[in-house]
>>> print(open('work.csv').read())   # CSV, C-alpha atoms
chain,number,residue,atom,x,y,z
A,1,MET,CA,111.5,-213.3,-178.6
A,2,THR,CA,107.8,-212.3,-178.7
A,3,ASP,CA,106.0,-215.7,-178.8
A,4,HIS,CA,105.5,-215.6,-175.0
A,5,LEU,CA,104.0,-212.2,-175.0
A,6,THR,CA,100.3,-211.4,-174.8
A,7,PHE,CA,98.7,-208.0,-174.9
A,8,LEU,CA,95.0,-207.4,-174.0
A,9,ALA,CA,92.9,-204.3,-174.0
A,10,VAL,CA,89.5,-203.8,-172.4
A,11,HIS,CA,87.4,-201.4,-174.5
A,12,ALA,CA,83.8,-200.2,-174.0
A,13,HIS,CA,82.4,-200.1,-177.5
A,14,PRO,CA,83.1,-201.1,-181.1
A,15,ASP,CA,85.5,-198.5,-182.5
A,16,ASP,CA,87.2,-197.7,-179.2
A,17,GLU,CA,89.9,-200.3,-180.0
A,18,ALA,CA,90.9,-198.4,-183.1
A,19,SER,CA,90.9,-194.8,-181.8
A,20,SER,CA,93.2,-195.3,-178.8
A,21,THR,CA,95.1,-198.6,-179.4
A,22,GLY,CA,94.7,-199.2,-183.1
A,23,GLY,CA,98.4,-198.5,-183.9
A,24,LEU,CA,99.6,-200.4,-180.9
A,25,TYR,CA,97.5,-203.5,-181.9
A,26,ARG,CA,98.9,-203.5,-185.4
A,27,ARG,CA,102.5,-202.9,-184.4
A,28,LEU,CA,102.4,-205.7,-181.8
A,29,ALA,CA,100.7,-208.1,-184.3
A,30,ASN,CA,103.5,-207.3,-186.8
A,31,GLN,CA,106.0,-208.2,-184.1
A,32,GLY,CA,104.4,-211.6,-183.5
A,33,VAL,CA,102.8,-210.7,-180.2
A,34,ARG,CA,99.5,-212.4,-179.3
A,35,THR,CA,96.8,-209.7,-179.1
A,36,VAL,CA,93.4,-209.9,-177.5
A,37,LEU,CA,90.5,-207.4,-177.5
A,38,VAL,CA,87.7,-207.5,-175.0
A,39,THR,CA,84.7,-205.3,-176.1
A,40,CYS,CA,82.3,-204.8,-173.3
A,41,THR,CA,79.1,-203.5,-175.1
A,42,ASN,CA,77.4,-203.9,-178.4
A,43,GLY,CA,77.2,-200.2,-179.0
A,44,GLU,CA,73.4,-200.0,-179.4
A,45,PHE,CA,73.4,-196.2,-178.7
A,46,GLY,CA,75.6,-195.1,-181.5
A,47,ASP,CA,74.2,-193.4,-184.5
A,48,ALA,CA,71.8,-195.3,-186.7
A,49,PRO,CA,71.9,-195.3,-190.5
A,50,GLY,CA,71.4,-191.9,-191.9
A,51,GLY,CA,73.0,-190.3,-188.8
A,52,VAL,CA,69.9,-190.9,-186.7
A,53,LYS,CA,70.7,-190.0,-183.1
A,54,PRO,CA,69.9,-192.3,-180.2
A,55,ASP,CA,67.1,-189.9,-178.9
A,56,ALA,CA,65.1,-190.2,-182.1
A,57,ASP,CA,61.9,-192.1,-181.9
A,58,HIS,CA,62.9,-194.3,-184.9
A,59,HIS,CA,66.4,-195.1,-183.6
A,60,ASP,CA,66.7,-198.9,-183.5
A,61,GLY,CA,69.5,-200.0,-181.1
A,62,ASP,CA,69.5,-203.6,-182.2
A,63,GLU,CA,69.9,-202.5,-185.8
A,64,VAL,CA,72.8,-200.3,-184.8
A,65,ALA,CA,74.4,-203.2,-182.8
A,66,ALA,CA,74.2,-205.5,-185.8
A,67,ILE,CA,75.9,-203.0,-188.0
A,68,ARG,CA,78.6,-202.3,-185.5
A,69,LYS,CA,79.3,-206.1,-185.1
A,70,VAL,CA,80.2,-206.3,-188.7
A,71,GLU,CA,82.3,-203.1,-188.5
A,72,LEU,CA,84.2,-204.4,-185.5
A,73,ASP,CA,85.0,-207.7,-187.3
A,74,ALA,CA,86.5,-205.7,-190.1
A,75,ALA,CA,88.5,-203.5,-187.8
A,76,VAL,CA,89.8,-206.5,-185.9
A,77,GLU,CA,91.0,-208.0,-189.2
A,78,ALA,CA,92.7,-204.7,-190.2
A,79,LEU,CA,94.6,-204.6,-186.9
A,80,GLY,CA,95.6,-208.2,-186.9
A,81,ILE,CA,94.0,-208.9,-183.5
A,82,THR,CA,94.4,-212.6,-182.6
A,83,ARG,CA,91.3,-213.0,-180.5
A,84,LEU,CA,88.1,-210.9,-180.0
A,85,VAL,CA,85.9,-211.4,-176.9
A,86,ARG,CA,82.5,-209.8,-176.9
A,87,LEU,CA,81.1,-209.5,-173.4
A,88,GLY,CA,77.8,-208.5,-175.0
A,89,TYR,CA,76.4,-206.0,-172.5
A,90,ARG,CA,73.9,-203.4,-173.7
A,91,ASP,CA,75.3,-199.9,-174.4
A,92,SER,CA,74.5,-197.6,-171.5
A,93,GLY,CA,74.3,-194.3,-173.4
A,94,MET,CA,76.0,-191.1,-172.2
A,95,MET,CA,76.0,-190.2,-168.6
A,96,GLY,CA,72.6,-189.1,-167.4
A,97,TRP,CA,70.7,-190.7,-170.2
A,98,PRO,CA,67.7,-192.9,-169.2
A,99,GLN,CA,69.4,-195.9,-170.8
A,100,ASN,CA,71.8,-195.8,-167.7
A,101,ASP,CA,68.9,-197.4,-165.7
A,102,ASP,CA,68.4,-200.4,-168.1
A,103,PRO,CA,69.2,-203.4,-165.9
A,104,ASP,CA,70.8,-205.1,-169.0
A,105,CYS,CA,73.2,-202.3,-169.7
A,106,PHE,CA,76.8,-202.4,-168.8
A,107,TRP,CA,76.6,-199.5,-166.3
A,108,SER,CA,73.9,-201.3,-164.3
A,109,THR,CA,75.7,-204.6,-164.2
A,110,PRO,CA,77.3,-205.2,-160.8
A,111,VAL,CA,81.1,-204.7,-161.1
A,112,ASP,CA,81.8,-208.1,-159.5
A,113,VAL,CA,79.7,-209.9,-162.0
A,114,ALA,CA,81.3,-208.4,-165.1
A,115,ALA,CA,84.7,-208.6,-163.4
A,116,ALA,CA,84.4,-212.3,-162.9
A,117,ARG,CA,83.7,-212.8,-166.6
A,118,LEU,CA,86.7,-210.7,-167.6
A,119,ALA,CA,88.9,-212.5,-165.0
A,120,ASP,CA,88.1,-215.8,-166.8
A,121,VAL,CA,89.5,-214.3,-170.0
A,122,LEU,CA,92.5,-212.9,-168.3
A,123,ALA,CA,93.2,-216.3,-166.6
A,124,GLU,CA,93.0,-218.0,-170.0
A,125,GLU,CA,95.3,-215.5,-171.8
A,126,ARG,CA,97.6,-214.4,-168.9
A,127,PRO,CA,98.6,-211.1,-170.6
A,128,GLN,CA,101.6,-209.4,-169.3
A,129,VAL,CA,100.2,-206.0,-170.4
A,130,ILE,CA,96.6,-204.8,-170.2
A,131,VAL,CA,95.2,-201.5,-171.4
A,132,THR,CA,91.9,-199.8,-170.5
A,133,TYR,CA,90.7,-196.3,-169.5
A,134,ASN,CA,91.3,-194.3,-166.3
A,135,GLU,CA,88.8,-193.8,-163.5
A,136,HIS,CA,87.1,-191.0,-165.6
A,137,GLY,CA,86.7,-193.3,-168.6
A,138,PHE,CA,89.0,-190.8,-170.3
A,139,TYR,CA,86.0,-188.5,-171.1
A,140,GLY,CA,83.3,-189.5,-168.7
A,141,HIS,CA,81.3,-192.1,-170.6
A,142,PRO,CA,79.7,-194.5,-168.1
A,143,ASP,CA,80.7,-197.6,-170.1
A,144,HIS,CA,84.3,-196.4,-170.2
A,145,ILE,CA,84.2,-195.9,-166.4
A,146,GLN,CA,82.7,-199.3,-165.9
A,147,ALA,CA,85.5,-200.8,-168.1
A,148,ASN,CA,88.0,-199.3,-165.7
A,149,ARG,CA,86.2,-200.7,-162.7
A,150,ILE,CA,85.8,-204.2,-163.9
A,151,THR,CA,89.4,-204.3,-165.2
A,152,LEU,CA,90.8,-203.3,-161.8
A,153,ALA,CA,88.5,-205.8,-160.0
A,154,ALA,CA,89.4,-208.6,-162.4
A,155,ILE,CA,93.1,-208.1,-161.9
A,156,LYS,CA,92.6,-208.6,-158.2
A,157,LEU,CA,91.2,-212.1,-158.9
A,158,LEU,CA,94.4,-213.2,-160.7
A,159,ASP,CA,97.2,-215.2,-159.3
A,160,TYR,CA,99.8,-212.8,-160.8
A,161,GLU,CA,100.1,-209.0,-161.4
A,162,PRO,CA,100.2,-207.7,-164.9
A,163,THR,CA,101.2,-204.2,-165.9
A,164,LEU,CA,98.1,-202.1,-166.4
A,165,TYR,CA,98.2,-199.0,-168.6
A,166,PHE,CA,95.5,-196.3,-169.2
A,167,ASN,CA,95.3,-194.7,-172.6
A,168,ALA,CA,96.2,-191.0,-172.4
A,169,ILE,CA,96.7,-187.8,-174.5
A,170,PRO,CA,99.5,-185.5,-173.5
A,171,ASP,CA,98.4,-181.9,-172.6
A,172,SER,CA,100.6,-180.5,-175.4
A,173,VAL,CA,98.7,-182.7,-178.0
A,174,MET,CA,95.3,-182.0,-176.4
A,175,VAL,CA,95.9,-178.3,-177.0
A,176,VAL,CA,96.4,-178.9,-180.7
A,177,TRP,CA,93.4,-181.2,-180.9
A,178,ARG,CA,91.1,-178.7,-179.2
A,179,GLU,CA,92.2,-176.0,-181.6
A,180,ARG,CA,91.4,-178.4,-184.5
A,181,TRP,CA,88.0,-179.2,-183.0
A,182,ALA,CA,87.2,-175.5,-182.5
A,183,ALA,CA,88.2,-174.7,-186.0
A,184,GLU,CA,85.9,-177.4,-187.3
A,185,GLU,CA,83.1,-176.1,-185.2
A,186,ARG,CA,83.6,-172.6,-186.6
A,187,GLU,CA,83.6,-173.9,-190.2
A,188,LYS,CA,80.4,-175.8,-189.5
A,189,ILE,CA,78.7,-172.7,-188.1
A,190,GLU,CA,79.8,-170.7,-191.2
A,191,GLU,CA,78.6,-173.4,-193.6
A,192,ASP,CA,75.2,-173.6,-191.8
A,193,ALA,CA,74.9,-169.8,-191.9
A,194,LYS,CA,75.3,-169.8,-195.6
A,195,ARG,CA,72.3,-172.2,-195.7
A,196,GLY,CA,70.3,-170.0,-193.4
A,197,ILE,CA,70.8,-172.1,-190.3
A,198,VAL,CA,71.6,-169.9,-187.3
A,199,HIS,CA,73.2,-171.3,-184.1
A,200,GLU,CA,72.3,-169.7,-180.9
A,201,GLU,CA,75.2,-168.3,-178.9
A,202,VAL,CA,75.9,-170.2,-175.7
A,203,GLU,CA,77.1,-168.1,-172.9
A,204,SER,CA,80.2,-169.4,-171.2
A,205,GLY,CA,79.9,-169.7,-167.5
A,206,PRO,CA,82.1,-171.1,-164.7
A,207,PRO,CA,83.3,-174.7,-165.4
A,208,ASP,CA,81.2,-177.5,-164.0
A,209,GLU,CA,82.7,-178.9,-160.8
A,210,ALA,CA,82.2,-182.4,-162.2
A,211,GLU,CA,84.3,-181.6,-165.3
A,212,PHE,CA,87.8,-183.0,-165.6
A,213,GLU,CA,90.7,-182.5,-167.9
A,214,MET,CA,91.1,-185.2,-170.5
A,215,GLY,CA,94.8,-184.4,-171.1
A,216,THR,CA,97.7,-185.8,-169.1
A,217,PRO,CA,100.7,-183.7,-168.2
A,218,ASP,CA,103.5,-184.5,-170.7
A,219,ASP,CA,105.9,-185.6,-167.9
A,220,LYS,CA,103.4,-188.1,-166.6
A,221,ILE,CA,103.3,-190.1,-169.8
A,222,ASP,CA,104.9,-193.6,-169.3
A,223,ALA,CA,104.7,-195.0,-172.8
A,224,ALA,CA,104.8,-193.2,-176.1
A,225,ILE,CA,104.5,-195.7,-178.9
A,226,ASP,CA,105.7,-194.8,-182.3
A,227,ILE,CA,103.0,-196.0,-184.8
A,228,ALA,CA,104.2,-194.1,-187.8
A,229,ASP,CA,104.7,-197.3,-189.8
A,230,VAL,CA,101.2,-198.7,-189.1
A,231,THR,CA,99.0,-195.5,-189.4
A,232,ASP,CA,97.5,-196.9,-192.6
A,233,ALA,CA,96.2,-199.9,-190.6
A,234,LYS,CA,94.8,-197.6,-187.9
A,235,PHE,CA,93.1,-195.4,-190.5
A,236,ASP,CA,91.6,-198.5,-192.1
A,237,ALA,CA,90.3,-199.8,-188.7
A,238,LEU,CA,88.7,-196.4,-187.9
A,239,ALA,CA,87.2,-196.3,-191.4
A,240,ALA,CA,85.8,-199.7,-190.9
A,241,HIS,CA,83.5,-198.1,-188.2
A,242,HIS,CA,81.9,-196.0,-190.9
A,243,SER,CA,78.5,-195.7,-189.2
A,244,GLN,CA,80.1,-193.9,-186.2
A,245,VAL,CA,83.2,-192.1,-187.4
A,246,ALA,CA,82.5,-191.1,-191.0
A,247,ASP,CA,82.2,-187.4,-189.9
A,248,SER,CA,84.9,-187.6,-187.3
A,249,PHE,CA,88.0,-185.3,-187.3
A,250,TRP,CA,90.1,-188.4,-188.1
A,251,MET,CA,88.3,-189.1,-191.3
A,252,LYS,CA,88.1,-185.5,-192.3
A,253,MET,CA,91.9,-185.4,-192.3
A,254,GLY,CA,92.1,-187.9,-195.1
A,255,ARG,CA,94.6,-190.7,-195.1
A,256,GLU,CA,97.6,-188.6,-196.1
A,257,GLN,CA,97.2,-186.0,-193.3
A,258,PHE,CA,96.2,-188.7,-190.8
A,259,ASN,CA,99.5,-190.5,-191.5
A,260,GLN,CA,101.4,-187.3,-190.8
A,261,VAL,CA,99.5,-186.4,-187.6
A,262,MET,CA,98.5,-189.6,-185.9
A,263,ARG,CA,102.0,-191.1,-185.4
A,264,THR,CA,102.0,-191.8,-181.6
A,265,GLU,CA,99.8,-193.5,-179.0
A,266,TRP,CA,100.3,-192.7,-175.3
A,267,PHE,CA,99.7,-194.5,-172.1
A,268,VAL,CA,100.2,-194.1,-168.3
A,269,ARG,CA,101.0,-197.0,-166.0
A,270,ALA,CA,98.3,-197.8,-163.4
A,271,THR,CA,100.2,-200.8,-162.0
A,272,ASN,CA,104.0,-201.2,-161.9
A,273,PRO,CA,105.0,-204.7,-160.8
A,274,LEU,CA,108.4,-204.5,-162.6
A,275,ALA,CA,109.2,-201.1,-160.8
A,276,LEU,CA,109.7,-199.4,-164.2
A,277,ASP,CA,110.8,-195.8,-164.4
A,278,GLY,CA,110.6,-193.2,-167.0
A,279,CYS,CA,108.9,-193.1,-170.4
A,280,SER,CA,109.4,-196.0,-172.8
A,281,ASP,CA,108.7,-196.5,-176.5
A,282,ASP,CA,107.8,-200.2,-175.8
A,283,ILE,CA,104.6,-201.2,-174.1
A,284,PHE,CA,106.4,-204.5,-173.1
A,285,VAL,CA,109.4,-202.8,-171.6
A,286,GLY,CA,110.7,-205.1,-168.9
A,287,TYR,CA,109.2,-208.2,-170.5
A,288,ARG,CA,111.6,-208.6,-173.4
>>> encode(input="work.csv", output="structure tokens")
Amino acid sequence: MTDHLTFLAVHAHPDDEASSTGGLYRRLANQGVRTVLVTCTNGEFGDAPGGVKPDADHHDGDEVAAIRKVELDAAVEALGITRLVRLGYRDSGMMGWPQNDDPDCFWSTPVDVAAARLADVLAEERPQVIVTYNEHGFYGHPDHIQANRITLAAIKLLDYEPTLYFNAIPDSVMVVWRERWAAEEREKIEEDAKRGIVHEEVESGPPDEAEFEMGTPDDKIDAAIDIADVTDAKFDALAAHHSQVADSFWMKMGREQFNQVMRTEWFVRATNPLALDGCSDDIFVGYR
């Protein structure tokens, strides 16, 4: 029985729901599980139409947010998500950007304030399973880090303990992805060179102490979800976010290759109220 199950993910921006949990959302929806998405920001500092970057003088964050609102609605439909909650905070930009200091941005919002709003949603929905990012926000984005912080704080306000997972990529998969990204970068440099655009060589130095590894050791993965039968829906959800991911490595694969490659989503447990052990292929292991 699945009619008593509720899944909820806390994501930072429109499109994050599709990249790390798109397959899981669609799979659970197909099983009759209630699925809830909390999107924390409006995504103002994504690319504007024409690929205009956030640091350009003519970049209009409000215009970007309006576009991404429509795109998120389309992705939610593709994934069969039952309820979408927009917290409506302003995008904080990447770490170190001046937008971090905007008092209306998510990063500047006191954790307890945002956590209280999220806790209200959690109390309404009472999900058994919650997903968000780890303490690094997976790749260091301040809005992802803040999503982690408010989720942990909100859970403490509940009268029960759900199972919390962080999205993850196994080290063995990250190696392959890095090779793909490096190959794409080489191809871009070669194509630019043919057009007379020369890229300056960047000398590699010692790694920054603040850097962290995005991958997770394979033996630390607690849930490996087979999404092979719903990769079409995940591709459609990503494609719905056309303004941001049109040039991404996902879209460059094309649907056929995407369906062959993107067949699993991975997670690690951050809380373990059921004392689960080992890696499962079911995010609701122990609840059904």
>>> closest_residue(input="work.csv", among="A:Arg90, A:His13, A:Arg263, A:Arg269", to="Asp222 of chain A", atoms="all atoms listed in the file")
A:Arg269
>>> closest_residue(input="work.csv", among="A:Ile189, A:Ser20, A:Gly96, A:Pro110", to="Trp266 of chain A", atoms="only C-alpha atoms")
A:Ser20
>>> closest_residue(input="work.csv", among="A:Ser108, A:Ser19, A:Gln260, A:Thr2", to="Asp236 of chain A", atoms="all atoms listed in the file")
A:Ser19
>>> atom_distance(input="work.csv", atom1="atom CA of Thr109 of chain A", atom2="atom CA of Phe45 of chain A")
16.9 Å
>>> closest_residue(input="work.csv", among="A:Val64, A:Val10, A:Leu274, A:Cys40", to="Phe166 of chain A", atoms="all atoms listed in the file")
A:Val10
>>> atom_distance(input="work.csv", atom1="atom CA of Glu265 of chain A", atom2="atom CA of Ala224 of chain A")
5.8 Å
>>> residues_around(input="work.csv", residues="Leu79 of chain A", least_positions_apart="2", cutoff="9 Å", atoms="only C-alpha atoms", output="list in words")
Ala18, Gly22, Gly23, Leu24, Tyr25, Arg26, Arg27, Ala29, Ala74, Ala75, Val76, Glu77, Ile81, Ala233, Lys234, Asp236 and Ala237 of chain A
>>> residues_near_point(input="work.csv", point="(106.7, -195.4, -186.9)", cutoff="10 Å", atoms="only C-alpha atoms", output="count of residues only")
12
>>> closest_atom_pairs(input="work.csv", of="segment 25-48 of chain A", to="segment 69-72 of chain A", cutoff="12 Å", atoms="only C-alpha atoms", output="CSV")
residue,atom,partner,partner_atom,distance
A:Leu37,CA,A:Leu72,CA,10.6
A:Val38,CA,A:Leu72,CA,11.5
A:Thr39,CA,A:Leu72,CA,9.5
A:Thr41,CA,A:Lys69,CA,10.3
A:Asn42,CA,A:Lys69,CA,7.3
A:Gly43,CA,A:Lys69,CA,8.7
A:Glu44,CA,A:Lys69,CA,10.2
>>> closest_residue(input="work.csv", among="A:Ala147, A:Leu28, A:Arg68, A:Asp47", to="Leu238 of chain A", atoms="all atoms listed in the file")
A:Arg68
>>> residues_near_point(input="work.csv", point="(94.4, -210.3, -174.7)", cutoff="7 Å", atoms="all atoms listed in the file", output="list in words")
Thr6, Phe7, Leu8, Ala9, Thr35, Val36, Leu37, Glu125 and Pro127 of chain A
>>> write_last_selection(input="work.csv", atoms="C-alpha atoms", output="short mmCIF file (atom, residue, chain, number, x, y, z; two decimals), keeping the file's coordinate frame")
data_model
loop_
_atom_site.label_atom_id
_atom_site.label_comp_id
_atom_site.auth_asym_id
_atom_site.auth_seq_id
_atom_site.Cartn_x
_atom_site.Cartn_y
_atom_site.Cartn_z
CA THR A 6 100.30 -211.40 -174.80
CA PHE A 7 98.70 -208.00 -174.90
CA LEU A 8 95.00 -207.40 -174.00
CA ALA A 9 92.90 -204.30 -174.00
CA THR A 35 96.80 -209.70 -179.10
CA VAL A 36 93.40 -209.90 -177.50
CA LEU A 37 90.50 -207.40 -177.50
CA GLU A 125 95.30 -215.50 -171.80
CA PRO A 127 98.60 -211.10 -170.60
#
>>> residues_around(input="work.csv", residues="Tyr139 of chain A", least_positions_apart="3", cutoff="10 Å", atoms="all atoms listed in the file", output="number ranges by chain")
A: 133-136, 142, 144-145, 211-215
